Structure formats: structure tokens, C-alpha cells
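Next up, upload_28.cif (mmCIF, C-alpha atoms and all ligand atoms):
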```cif
data_query
loop_
_atom_site.label_atom_id
_atom_site.label_comp_id
_atom_site.auth_asym_id
_atom_site.auth_seq_id
_atom_site.Cartn_x
_atom_site.Cartn_y
_atom_site.Cartn_z
CA MET A 1 0.00 0.00 0.00
CA ALA A 2 1.40 3.43 -0.93
CA SER A 3 2.14 5.62 2.12
CA SER A 4 0.71 9.14 2.31
CA PRO A 5 2.77 12.02 0.95
CA THR A 6 4.51 14.08 3.64
CA ALA A 7 4.58 17.82 4.18
CA LEU A 8 6.71 19.98 6.45
CA VAL A 9 5.40 23.43 7.37
CA LEU A 10 7.56 26.12 8.93
CA GLY A 11 5.53 28.46 11.16
CA ALA A 12 2.34 27.98 13.16
CA GLY A 13 0.72 31.34 12.49
CA ILE A 14 -2.54 31.43 10.53
CA MET A 15 -0.71 30.78 7.24
CA GLY A 16 1.31 27.76 8.36
CA LEU A 17 -1.64 26.24 10.21
CA SER A 18 -3.95 26.87 7.24
CA ALA A 19 -1.46 25.21 4.88
CA ALA A 20 -1.22 22.27 7.30
CA TRP A 21 -5.03 22.11 7.46
CA GLY A 22 -5.43 22.21 3.66
CA LEU A 23 -2.72 19.61 3.09
CA ALA A 24 -4.06 17.28 5.80
CA ARG A 25 -7.49 17.46 4.11
CA ARG A 26 -5.78 16.25 0.93
CA GLY A 27 -4.27 13.26 2.72
CA PHE A 28 -0.78 14.60 3.48
CA SER A 29 0.94 13.52 6.65
CA VAL A 30 1.97 16.92 8.07
CA ARG A 31 4.58 18.17 10.54
CA VAL A 32 4.68 21.83 11.63
CA VAL A 33 7.86 23.35 13.07
CA GLU A 34 7.36 26.46 15.22
CA GLN A 35 9.99 28.31 17.26
CA ASP A 36 7.60 29.67 19.91
CA GLU A 37 4.49 28.60 21.76
CA VAL A 38 1.22 28.34 19.79
CA PRO A 39 -0.49 30.78 19.54
CA ASN A 40 2.69 32.83 19.40
CA PRO A 41 2.26 36.17 21.19
CA ARG A 42 5.13 37.54 19.06
CA GLY A 43 3.53 36.40 15.78
CA ALA A 44 1.45 38.43 13.34
CA SER A 45 -1.64 36.23 13.73
CA VAL A 46 -2.66 37.00 17.27
CA ASP A 47 -4.26 39.26 19.54
CA HIS A 48 -8.01 39.37 19.86
CA HIS A 49 -9.19 40.18 16.37
CA ARG A 50 -8.67 40.56 12.64
CA LEU A 51 -11.10 42.11 10.18
CA ILE A 52 -12.74 40.59 7.12
CA ARG A 53 -14.44 42.92 4.63
CA HIS A 54 -15.08 43.34 0.93
CA ALA A 55 -14.11 47.03 0.68
CA TYR A 56 -10.62 46.84 -0.80
CA GLY A 57 -9.95 50.11 -2.62
CA ALA A 58 -8.73 49.46 -6.15
CA GLN A 59 -7.47 45.97 -5.23
CA ALA A 60 -10.47 44.24 -6.83
CA GLY A 61 -8.68 40.88 -6.95
CA TYR A 62 -8.69 40.73 -3.16
CA MET A 63 -12.30 41.93 -3.04
CA ARG A 64 -13.20 38.97 -5.27
CA MET A 65 -11.38 36.58 -2.92
CA VAL A 66 -13.49 37.56 0.11
CA ASP A 67 -16.55 35.41 -0.66
CA PRO A 68 -14.36 32.32 -1.31
CA ALA A 69 -12.53 33.23 1.92
CA TYR A 70 -15.82 33.19 3.83
CA ALA A 71 -16.58 29.76 2.30
CA ALA A 72 -13.18 28.50 3.49
CA TRP A 73 -13.87 29.87 7.00
CA ASP A 74 -17.16 27.95 6.99
CA LEU A 75 -15.15 24.75 6.52
CA VAL A 76 -12.91 25.79 9.42
CA TRP A 77 -15.93 26.45 11.67
CA ARG A 78 -17.25 23.02 10.81
CA ASP A 79 -13.93 21.42 11.77
CA LEU A 80 -13.61 23.47 14.96
CA GLY A 81 -17.22 22.94 15.98
CA GLU A 82 -17.70 26.65 16.65
CA VAL A 83 -18.00 29.89 14.71
CA LEU A 84 -15.26 32.37 15.68
CA HIS A 85 -16.52 35.23 13.51
CA VAL A 86 -18.72 38.07 14.70
CA PRO A 87 -20.59 40.00 11.99
CA THR A 88 -20.37 43.75 12.55
CA GLY A 89 -20.75 45.38 9.14
CA VAL A 90 -18.40 48.01 7.79
CA LEU A 91 -18.50 51.81 8.02
CA ALA A 92 -16.07 53.66 5.75
CA VAL A 93 -15.69 57.43 6.08
CA SER A 94 -13.46 59.86 4.24
CA GLY A 95 -13.05 63.51 3.33
CA GLY A 96 -14.49 62.82 -0.13
CA THR A 97 -15.08 60.19 -2.76
CA ALA A 98 -11.58 60.40 -4.20
CA GLY A 99 -9.01 57.78 -3.22
CA TRP A 100 -9.64 54.53 -1.35
CA LEU A 101 -13.30 55.13 -0.48
CA GLY A 102 -14.22 56.04 -4.06
CA GLU A 103 -12.17 53.17 -5.48
CA SER A 104 -13.90 50.77 -3.10
CA ARG A 105 -17.34 52.06 -4.11
CA THR A 106 -16.53 51.59 -7.79
CA ALA A 107 -15.17 48.07 -7.32
CA LEU A 108 -18.00 47.03 -4.98
CA ALA A 109 -20.64 48.28 -7.41
CA ALA A 110 -18.95 46.52 -10.35
CA GLY A 111 -18.75 43.32 -8.30
CA GLY A 112 -22.43 43.46 -7.36
CA HIS A 113 -21.81 44.03 -3.63
CA ALA A 114 -24.52 46.13 -1.98
CA PHE A 115 -23.52 49.12 0.13
CA THR A 116 -25.36 52.21 1.32
CA ASP A 117 -24.00 55.72 0.89
CA LEU A 118 -24.54 57.80 4.02
CA THR A 119 -24.76 61.56 4.44
CA VAL A 120 -22.92 63.21 7.28
CA ALA A 121 -26.23 63.61 9.13
CA GLU A 122 -26.96 59.89 8.72
CA VAL A 123 -23.53 58.96 10.08
CA ALA A 124 -24.20 61.19 13.11
CA ALA A 125 -27.66 59.74 13.67
CA ARG A 126 -26.70 56.07 13.27
CA PHE A 127 -23.34 56.17 15.02
CA PRO A 128 -23.55 58.70 17.87
CA MET A 129 -20.20 57.56 19.28
CA LEU A 130 -18.50 59.21 16.27
CA THR A 131 -18.04 62.87 15.39
CA GLU A 132 -18.73 64.23 11.91
CA ALA A 133 -15.36 66.05 11.75
CA GLY A 134 -14.04 66.15 8.20
CA ILE A 135 -16.46 63.58 6.77
CA GLY A 136 -17.29 64.31 3.14
CA ALA A 137 -18.31 60.80 2.07
CA ALA A 138 -19.32 57.61 3.86
CA PHE A 139 -20.82 54.23 3.16
CA HIS A 140 -22.06 51.30 5.19
CA MET A 141 -21.98 47.68 4.15
CA ALA A 142 -23.71 44.88 6.04
CA PRO A 143 -21.34 41.94 5.30
CA GLY A 144 -18.01 42.02 7.11
CA GLY A 145 -16.92 41.34 10.62
CA VAL A 146 -14.38 40.32 13.20
CA LEU A 147 -12.42 37.07 13.18
CA LEU A 148 -11.44 36.14 16.76
CA ALA A 149 -7.82 35.62 15.79
CA GLY A 150 -6.16 34.28 18.93
CA ARG A 151 -8.96 31.80 19.53
CA ILE A 152 -8.87 30.69 15.87
CA VAL A 153 -5.12 29.98 15.91
CA GLU A 154 -5.39 28.13 19.20
CA GLY A 155 -8.43 26.13 18.05
CA LEU A 156 -6.89 25.24 14.70
CA ALA A 157 -3.63 24.06 16.30
CA LYS A 158 -5.52 21.86 18.76
CA ARG A 159 -7.76 20.46 16.06
CA LEU A 160 -4.76 19.64 13.82
CA ALA A 161 -2.93 17.97 16.70
CA ARG A 162 -6.01 15.86 17.43
CA GLN A 163 -6.12 14.65 13.82
CA GLY A 164 -2.46 13.64 13.89
CA VAL A 165 -0.56 16.69 12.63
CA ALA A 166 2.71 16.94 14.58
CA ILE A 167 3.42 20.43 15.92
CA GLU A 168 7.03 20.52 17.01
CA ARG A 169 8.87 23.28 18.84
CA GLY A 170 12.07 24.09 16.95
CA ARG A 171 13.89 26.99 15.35
CA ALA A 172 14.84 26.70 11.70
CA VAL A 173 18.14 28.33 10.80
CA ALA A 174 18.32 27.35 7.13
CA VAL A 175 15.91 26.38 4.37
CA ASP A 176 16.81 24.04 1.52
CA PRO A 177 14.01 24.41 -1.05
CA ALA A 178 15.42 21.81 -3.45
CA ARG A 179 15.42 19.08 -0.78
CA ALA A 180 12.30 20.37 1.03
CA ALA A 181 14.41 20.44 4.18
CA LEU A 182 14.95 22.62 7.24
CA ARG A 183 18.08 22.78 9.37
CA LEU A 184 17.23 23.44 13.02
CA ALA A 185 19.15 25.44 15.61
CA ASP A 186 19.79 22.26 17.65
CA GLY A 187 21.62 20.73 14.67
CA GLY A 188 18.72 18.50 13.62
CA GLU A 189 17.20 18.34 10.16
CA ARG A 190 13.61 17.82 9.06
CA SER A 191 12.54 17.08 5.51
CA ALA A 192 9.46 15.90 3.65
CA ASP A 193 8.08 15.50 0.14
CA LEU A 194 6.89 19.11 0.33
CA LEU A 195 7.99 22.13 2.38
CA VAL A 196 5.85 25.23 3.02
CA VAL A 197 7.65 28.22 4.55
CA ALA A 198 5.22 30.53 6.37
CA ALA A 199 7.53 32.53 8.63
CA GLY A 200 5.47 35.74 8.84
CA PRO A 201 7.57 38.83 9.54
CA TRP A 202 10.63 36.62 10.16
CA ALA A 203 10.70 35.60 6.47
CA PRO A 204 13.12 38.32 5.28
CA ARG A 205 15.62 37.07 7.91
CA LEU A 206 15.14 33.43 7.07
CA LEU A 207 15.14 33.80 3.28
CA PRO A 208 17.56 36.69 2.70
CA ALA A 209 18.08 35.97 -1.00
CA VAL A 210 14.50 35.43 -2.18
CA ILE A 211 12.25 37.27 0.28
CA ALA A 212 14.33 40.11 1.78
CA PRO A 213 14.52 42.00 -1.55
CA ARG A 214 10.69 41.95 -1.80
CA VAL A 215 9.28 41.93 1.73
CA VAL A 216 10.14 43.99 4.83
CA ALA A 217 9.07 43.60 8.45
CA SER A 218 7.03 46.56 9.62
CA ARG A 219 6.36 47.48 13.26
CA GLN A 220 2.70 48.52 13.70
CA ILE A 221 1.06 49.82 16.86
CA LEU A 222 -2.33 48.87 18.32
CA VAL A 223 -4.10 50.68 21.15
CA LEU A 224 -6.79 49.05 23.26
CA LEU A 225 -9.55 51.24 24.66
CA GLU A 226 -12.57 51.05 26.93
CA PRO A 227 -15.31 53.33 25.59
CA THR A 228 -16.87 55.82 27.96
CA PRO A 229 -20.16 54.35 29.39
CA ARG A 230 -22.14 56.83 27.24
CA HIS A 231 -20.89 55.12 24.09
CA ARG A 232 -20.52 51.54 25.29
CA GLU A 233 -23.73 50.37 23.67
CA GLY A 234 -23.00 52.24 20.43
CA TRP A 235 -19.69 50.43 20.13
CA ALA A 236 -21.03 47.05 21.29
CA ASN A 237 -23.42 47.11 18.33
CA GLY A 238 -21.14 49.18 16.13
CA PRO A 239 -19.49 48.42 12.79
CA MET A 240 -15.80 48.16 12.10
CA LEU A 241 -14.70 51.68 11.25
CA LEU A 242 -12.39 52.46 8.36
CA ASP A 243 -11.57 56.15 8.72
CA LEU A 244 -9.72 57.24 5.62
CA ALA A 245 -9.08 60.87 6.50
CA GLU A 246 -6.44 62.37 4.22
CA GLU A 247 -4.32 63.43 7.18
CA GLY A 248 -3.69 59.94 8.52
CA GLY A 249 -6.70 57.66 8.88
CA PHE A 250 -7.16 54.82 11.32
CA TYR A 251 -9.31 51.73 11.79
CA ALA A 252 -11.36 50.70 14.81
CA VAL A 253 -12.43 47.19 15.74
CA PRO A 254 -15.57 47.16 17.89
CA PRO A 255 -15.46 45.40 21.28
CA VAL A 256 -17.17 42.14 20.32
CA ALA A 257 -17.35 38.87 22.29
CA GLY A 258 -15.70 40.33 25.39
CA THR A 259 -12.76 41.89 23.55
CA PRO A 260 -11.65 45.52 23.96
CA LEU A 261 -12.16 48.29 21.40
CA LYS A 262 -8.99 48.37 19.29
CA ILE A 263 -7.57 51.10 17.10
CA GLY A 264 -4.60 51.10 14.76
CA ASP A 265 -3.46 52.49 11.45
CA HIS A 266 -2.44 50.95 8.16
CA ARG A 267 0.50 53.25 7.34
CA PHE A 268 3.53 51.00 7.12
CA SER A 269 6.43 51.90 9.42
CA ARG A 270 8.69 49.57 7.38
CA THR A 271 11.05 49.46 10.37
CA GLY A 272 11.84 46.96 13.08
CA ASP A 273 12.90 43.38 13.51
CA ALA A 274 10.32 40.73 14.44
CA GLU A 275 12.96 38.70 16.29
CA ALA A 276 14.84 41.34 18.24
CA ASP A 277 12.30 44.04 19.10
CA PRO A 278 10.02 44.18 22.17
CA ARG A 279 6.27 43.96 21.62
CA GLU A 280 5.52 46.66 24.21
CA ALA A 281 4.63 49.98 22.61
CA SER A 282 6.15 53.19 23.95
CA ALA A 283 3.94 56.02 25.19
CA ALA A 284 4.97 58.04 22.13
CA GLU A 285 3.98 55.21 19.77
CA ALA A 286 0.57 54.86 21.46
CA GLU A 287 0.03 58.61 21.36
CA GLU A 288 0.59 58.66 17.59
CA ILE A 289 -2.37 56.31 17.12
CA LEU A 290 -4.55 58.03 19.72
CA ALA A 291 -3.96 61.36 17.99
CA LEU A 292 -5.42 59.91 14.77
CA ALA A 293 -8.53 58.62 16.53
CA ARG A 294 -9.36 61.48 18.93
CA PRO A 295 -10.98 63.78 16.35
CA ARG A 296 -13.37 60.97 15.31
CA LEU A 297 -14.32 59.66 18.80
CA ARG A 298 -17.00 61.71 20.49
CA ASP A 299 -16.00 62.39 24.14
CA ALA A 300 -12.58 60.92 23.35
CA ALA A 301 -11.08 62.31 26.55
CA ASP A 302 -13.38 60.05 28.58
CA TYR A 303 -12.18 56.79 26.98
CA ARG A 304 -9.84 54.66 29.10
CA VAL A 305 -6.60 53.49 27.48
CA LEU A 306 -6.17 49.83 28.43
CA GLY A 307 -2.81 49.28 26.77
CA ALA A 308 -0.80 49.41 23.58
CA ARG A 309 1.39 46.89 21.82
CA ALA A 310 3.36 46.30 18.65
CA CYS A 311 2.67 43.70 15.99
CA TYR A 312 4.66 43.12 12.79
CA TYR A 313 3.40 43.14 9.23
CA ASP A 314 5.39 41.52 6.39
CA VAL A 315 5.06 44.24 3.76
CA GLU A 316 5.37 43.74 0.01
CA ALA A 317 5.68 47.02 -1.92
CA GLY A 318 2.35 46.64 -3.75
CA GLU A 319 0.65 44.85 -0.79
CA ARG A 320 0.57 41.71 -2.97
CA PHE A 321 0.86 38.32 -1.32
CA VAL A 322 3.86 36.19 -2.24
CA VAL A 323 2.58 32.60 -2.47
CA GLU A 324 5.01 31.01 -4.86
CA PRO A 325 7.07 27.89 -5.47
CA LEU A 326 10.75 28.22 -4.51
CA SER A 327 11.41 24.82 -6.07
CA PRO A 328 9.24 21.93 -7.30
CA ARG A 329 9.09 20.78 -3.64
CA CYS A 330 8.87 24.05 -1.73
CA LEU A 331 6.40 26.95 -1.47
CA VAL A 332 6.70 30.23 0.37
CA MET A 333 3.81 32.22 1.89
CA SER A 334 4.82 35.82 2.58
CA GLY A 335 4.15 39.50 1.86
CA PHE A 336 0.79 39.59 3.63
CA SER A 337 1.13 43.34 4.18
CA GLY A 338 -1.30 43.59 7.10
CA HIS A 339 -4.27 42.04 5.28
CA GLY A 340 -3.61 38.31 5.09
CA PHE A 341 -5.47 36.82 8.05
CA LYS A 342 -8.91 36.77 6.40
CA PHE A 343 -7.46 34.71 3.52
CA GLY A 344 -5.48 32.15 5.58
CA PRO A 345 -7.78 29.12 5.16
CA LEU A 346 -8.52 29.98 1.51
CA LEU A 347 -4.80 30.10 0.76
CA GLY A 348 -4.28 26.84 2.65
CA LEU A 349 -6.90 25.17 0.45
CA ALA A 350 -5.40 26.75 -2.68
CA ILE A 351 -1.90 25.53 -1.90
CA ALA A 352 -3.18 22.03 -1.25
CA ALA A 353 -5.19 22.07 -4.50
CA ALA A 354 -2.19 23.28 -6.54
CA VAL A 355 0.15 20.75 -4.97
CA SER A 356 -2.32 17.96 -5.67
CA ASP A 357 -2.81 19.07 -9.30
CA PRO A 358 0.43 20.64 -10.62
CA ALA A 359 -1.47 21.99 -13.65
CA LEU A 360 -2.99 24.54 -11.24
CA MET A 361 0.34 25.70 -9.80
CA PRO A 362 1.12 28.34 -12.49
CA ALA A 363 -2.14 30.17 -11.61
CA LEU A 364 -1.46 30.27 -7.87
CA PRO A 365 1.05 33.15 -7.54
CA GLY A 366 -0.91 35.64 -9.66
CA TRP A 367 -4.23 34.81 -8.03
CA ALA A 368 -2.73 35.10 -4.53
CA ALA A 369 -1.17 38.41 -5.56
CA GLY A 370 -4.68 39.75 -6.17
CA GLU A 371 -4.24 40.04 -9.90
CA ALA A 372 -7.31 39.94 -12.14
CA PRO A 373 -8.79 37.89 -13.66
CA PRO A 374 -9.27 35.21 -11.02
CA ALA A 375 -7.89 31.83 -11.99
CA ALA A 376 -11.00 29.91 -12.90
CA GLY A 377 -9.32 26.51 -12.80
CA LEU A 378 -8.00 27.12 -9.32
CA LEU A 379 -11.35 28.33 -8.00
CA ALA A 380 -13.10 25.35 -9.56
CA ALA A 381 -10.60 23.08 -7.80
CA LEU A 382 -11.32 24.82 -4.49
CA GLU A 383 -15.02 24.20 -4.87
CA GLY A 384 -14.17 20.55 -5.38
CA VAL A 385 -12.19 20.24 -2.14
CA PRO A 386 -13.15 16.98 -0.47
CA ALA A 387 -15.18 17.57 2.69
C1 LIG A 401 -1.70 44.68 13.98
C2 LIG A 401 -2.13 43.83 12.85
C3 LIG A 401 -3.42 43.96 12.37
C4 LIG A 401 -3.85 43.18 11.30
N1 LIG A 401 -5.13 43.29 10.87
C5 LIG A 401 -5.59 42.46 9.91
C6 LIG A 401 -6.94 42.46 9.57
O1 LIG A 401 -7.75 43.21 10.12
N2 LIG A 401 -7.37 41.60 8.59
C7 LIG A 401 -6.52 40.74 7.98
O2 LIG A 401 -6.95 39.97 7.11
N3 LIG A 401 -5.21 40.71 8.30
C8 LIG A 401 -4.73 41.54 9.26
N4 LIG A 401 -3.42 41.50 9.62
C9 LIG A 401 -2.49 40.66 8.89
C10 LIG A 401 -2.51 39.23 9.33
O3 LIG A 401 -2.69 39.12 10.71
C11 LIG A 401 -1.21 38.59 8.88
O4 LIG A 401 -1.10 38.74 7.47
C12 LIG A 401 -1.15 37.10 9.20
O5 LIG A 401 -1.46 36.89 10.55
C13 LIG A 401 0.23 36.56 8.89
O6 LIG A 401 0.27 35.23 9.33
P1 LIG A 401 1.59 34.38 9.21
O7 LIG A 401 1.24 32.99 9.58
O8 LIG A 401 2.22 34.65 7.88
O9 LIG A 401 2.60 35.04 10.26
P2 LIG A 401 2.80 34.73 11.83
O10 LIG A 401 1.53 34.68 12.55
O11 LIG A 401 3.82 35.70 12.34
O12 LIG A 401 3.39 33.28 11.86
C14 LIG A 401 4.70 32.99 11.49
C15 LIG A 401 5.24 32.00 12.48
O13 LIG A 401 6.49 31.50 12.00
C16 LIG A 401 7.33 31.28 13.10
N5 LIG A 401 8.71 31.31 12.66
C17 LIG A 401 9.32 32.34 12.02
N6 LIG A 401 10.61 32.03 11.78
C18 LIG A 401 10.80 30.80 12.29
C19 LIG A 401 11.93 29.94 12.35
N7 LIG A 401 13.11 30.32 11.85
N8 LIG A 401 11.80 28.72 12.92
C20 LIG A 401 10.59 28.33 13.42
N9 LIG A 401 9.49 29.13 13.43
C21 LIG A 401 9.60 30.33 12.84
C22 LIG A 401 7.01 32.44 14.02
O14 LIG A 401 7.40 32.17 15.36
C23 LIG A 401 5.53 32.62 13.84
O15 LIG A 401 4.77 31.99 14.85
C24 LIG A 401 -2.96 42.28 10.69
C25 LIG A 401 -1.66 42.13 11.18
C26 LIG A 401 -1.25 42.87 12.26
C27 LIG A 401 0.15 42.69 12.76
#
```
Is it possible to express this structure as C-alpha cells?
Amino acid sequence: MASSPTALVLGAGIMGLSAAWGLARRGFSVRVVEQDEVPNPRGASVDHHRLIRHAYGAQAGYMRMVDPAYAAWDLVWRDLGEVLHVPTGVLAVSGGTAGWLGESRTALAAGGHAFTDLTVAEVAARFPMLTEAGIGAAFHMAPGGVLLAGRIVEGLAKRLARQGVAIERGRAVAVDPARAALRLADGGERSADLLVVAAGPWAPRLLPAVIAPRVVASRQILVLLEPTPRHREGWANGPMLLDLAEEGGFYAVPPVAGTPLKIGDHRFSRTGDAEADPREASAAEAEEILALARPRLRDAADYRVLGARACYYDVEAGERFVVEPLSPRCLVMSGFSGHGFKFGPLLGLAIAAAVSDPALMPALPGWAAGEAPPAAGLLAALEGVPA
């Protein structure tokens, strides 16, 4: 009897675990090597939440991937036995319809996604916890919500372990794509038929020749808040907020399922080292984010700051994902540029489909990079994923 093919996955963030999940569904015997505990508090895939939404500016390829991503999450919920997504809807506000908000409207309309334009008065009436300062255009969209990131990573790791995926603590110091092998810091070596490298913001360090020229680690700051009691209910039922003010916008994640209200911004610092730097944020770093949010939060002075921390993006210049073969036996997952979490399980299924049918592999990098048109063959293969 033929034995099952083997896969080795470096990294137990959402990408590595999703690849392991997709490959295990296709009958691979999988081992994951992770340098830290799982979930890794230093990794890009945790804290409380990550957002999933269709509004994607001019990046229509990623907008088109959101419905398939939701379908992939549904498979994850089925495997986990619980739904770790909280629908909130999306509120986007901006100074006008130029730029990201206008580009999103155009792409959403072309893609047949319903959204509602709001006047400034309607924003004020529906969302009393927000000020109208500087709003020239706004829309609301019902689909979209919060993925409970830390709980998802923890649940997925436990589920994989239960079904026989080995999750081993070890630090890789060298990658050999041709042999699908990793050299570990303790001198050991692991190899398999297939290697997937999903090292998050550590990837430029680990793959200096192929990834460092294209992807940089980027220190990003998050601030956790407790809304003033006057606005607690507004936020508890509130949408995710994408504030695209020209002078430095920010995003807010509502306090769902017992989590705090979180604010951050999407400007890339493009500085920092995921391995060496502390995750605590300085007072000055936190203040930079708070200064962006204060003009939008009504009664901002009465909010309580619960804490601030740093998280690292792996930024590709055009915010395009790098999901590519490094050899016939090795794939890399990188360049997620602060928007990869929502697509983790979908990419895991896509990798597994392309590995199982090499005719699909040429379509994978362009599709994952958000380039139009979507690869029909690959999507058809995803729909045919065995349950
Ligand atoms: C603040 C913040 C907000 C974000 N918001 C959103 C959002 O709203 N929506 C969205 O879709 N995405 C969002 N993202 C992006 C998303 O979270 C990331 O794209 C995604 O989590 C990346 O997952 P990963 O598995 O590639 O990286 P990671 O989670 O960092 O996993 C990589 C793992 O590899 C391990 N590793 C690295 N090197 C080695 C080695 N040499 N040996 C062994 N193990 C190693 C690491 O320890 C780590 O655990 C956000 C990211 C951040 C930081």
C-alpha cells in the first residue's frame, strides 16, 4: 500500500496552520515546526481580532477573494465545531469620494456588492459615538466582521494535533528548497516530500536571497480602549470603522465577544525586527495612534486606554501576497502586508489544490497576488475540495 505524501510546514501562524489544514485534508501527513508557543504572542496572527471585509480600494482581486474566503472559513468552523466570527458590518468614512473610499465604491458596485451611501447627518444619527469632523463621504456595508484571531489559531492548532498533525517546537536556521528540508538550531534536520515556509515577519531574515529584496518587516502599533459608558452600547453594536481621513486615517475594531475596542493604522512603518524588538509599545507610539482617533471619537477624553502593543506586518511594496514555489518541492507564503489573516484558510486550500494538481500551480502566484482575472481553474478546484 502506498504511504501518504509528507509535508513539512515552517511556522504555526494562521498561514502555516492553514497550509497544514489544507494539506491534511488532501491526505498529506503533516509536521509543523514552530519556534515559539502556539499561539505565538510575538507572531502576526494573534491578539483578539482581525477584520474581514469586501471594501478593498482598487485591489479588486482581493475583493473577489473575500466570498471564497468566507466559504473557506465555513469549513474551518465546521472542523472546529464553533463559529469564531462576529458580523459587525463596515462603516467607511473619508473627506471625499476620491481615493480609497471612491475606489472601493466603484469596485463594490462593479462586483455586485450592496452598500449604502450615508450623508454626514446619517452617520451622526446612526453612530452617535462618532463625530462628523471632516467627513465628506461615507458608506455602510452589512457583510463584514471580526475574526477572533487568537482563539482561531489556538483552536486550529488543537484540532490539527487531534487529527495527527505533529506540531514541534524548533527553530529553523536554514531552508533548503530543493530538498524540502529545514536545518534546526539544535543541529537536527527535518525534511518531507513538500515544504511550506510561512515565517510571517521573520521571512526576510530566514530567506535573505528570495524574500528580503521583496518583503520587509514593519512594526505597527495597536491601542486598546474602553469606551466611555455613554458610548458603550454604540460600540457594542457598532461596525468596524475604516476612517480614511487624508491626514492619517485609522481603523477601529468594535469590542465584540468580550474583547476591547482596538484602534490602529495601516500606514507601514517599514522598520523593526520581528525577532529582536520588544512587543511593548512606547507612550509616544501609542500617542501617535490616539492622535489619529481622537478627532473621530466623540468624548474621546473620557475613553480609558487599556494598553498598547506592537505587531509586525510583512510588507510587500504593492501589498501583494507572495505565495510562490521556490522549487518543485517548496512553497513560500509571505508578503501579507497587514491584510492576510482573512485569507489564511482559503490560501491553505489553494496551496493544497495546486500541490495535488500541478497543472494549477502556475495560476497560484498571480491569483494570490490579487491580480485579475481570477484563476477559474483554481477556484473550480477549491469548490471541489473533499469535505
Ligand atoms: C496589527 C495587525 C493587524 C492586522 N489586521 C488584519 C486584519 O484586520 N485583517 C486581515 O486579514 N489581516 C490583518 N493583519 C495581517 C494578518 O494578521 C497577517 O497577514 C497574518 O497573521 C500573517 O500570518 P503568518 O502565519 O504569515 O505570520 P505569523 O503569525 O507571524 O506566523 C509565522 C510563524 O512563524 C514562526 N517562525 C518564524 N521564523 C521561524 C523559524 N526560523 N523557525 C521556526 N518558526 C519560525 C514564528 O514564530 C511565527 O509563529 C494584521 C496584522 C497585524 C500585525
Exercise. Determine the nearest neighbour of ligand LIG 401 (chain A) from the options A:Leu242, A:Cys311, A:Ala178, A:Leu84, counting only C-alpha atoms and all ligand atoms.
Key: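 For ligand LIG 401 (chain A), the nearest of the given residues is A:Cys311.
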Exercise. Check every protein, DNA and RNA residue against ligand LIG 401 (chain A), keep those with an atom at most 7 Å away (counting only C-alpha atoms and all ligand atoms), and present them as a ChimeraX atom specification.
Key: /A:10-16,33-36,40,42-46,50-52,170-173,198-203,206,220-222,311-313,333-334,336-343
Quiz prompt | Selected residue, from A:Ala142, A:Val315, A:Ala157, A:Ala180, that lies nearest to Val216 (chain A) when counting only C-alpha atoms | solution =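 Using only C-alpha atoms, the shortest distance to Val216 (chain A) belongs to A:Val315.
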Exercise. Pull the neighbourhood of (-20.1, 55.1, 28.0) for me: all residues within 12 Å in file coordinates, counting all atoms listed in the file, as a list in words.
Key: Pro128, Met129, Leu225, Glu226, Pro227, Thr228, Pro229, Arg230, His231, Arg232, Glu233, Gly234, Trp235, Ala236, Leu297, Arg298, Asp299, Ala300, Ala301, Asp302, Tyr303 and Arg304 of chain A
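Computed from the coordinates, the CA of His48 (chain A) to CA of Ala133 (chain A) distance equals 28.8 Å.
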Quiz item: How would you write as a PyMOL selection string the residues that get within 10 Å of (-7.3, 26.7, 13.1) in the file's frame, counting all atoms listed in the file?
Solution: chain A and resi 12-18+20-21+73+76-77+79-80+149-160+344-345
Self-check item: Selected residue, from A:Gly145, A:Pro278, A:Pro328, A:Gly377, that lies nearest to Thr88 (chain A) when counting all atoms listed in the file
Solution: A:Gly145
Exercise. To one decimal in Å, tell me the separation between CA of Glu287 (chain A) and CA of Asp243 (chain A).
Key: 17.3 Å
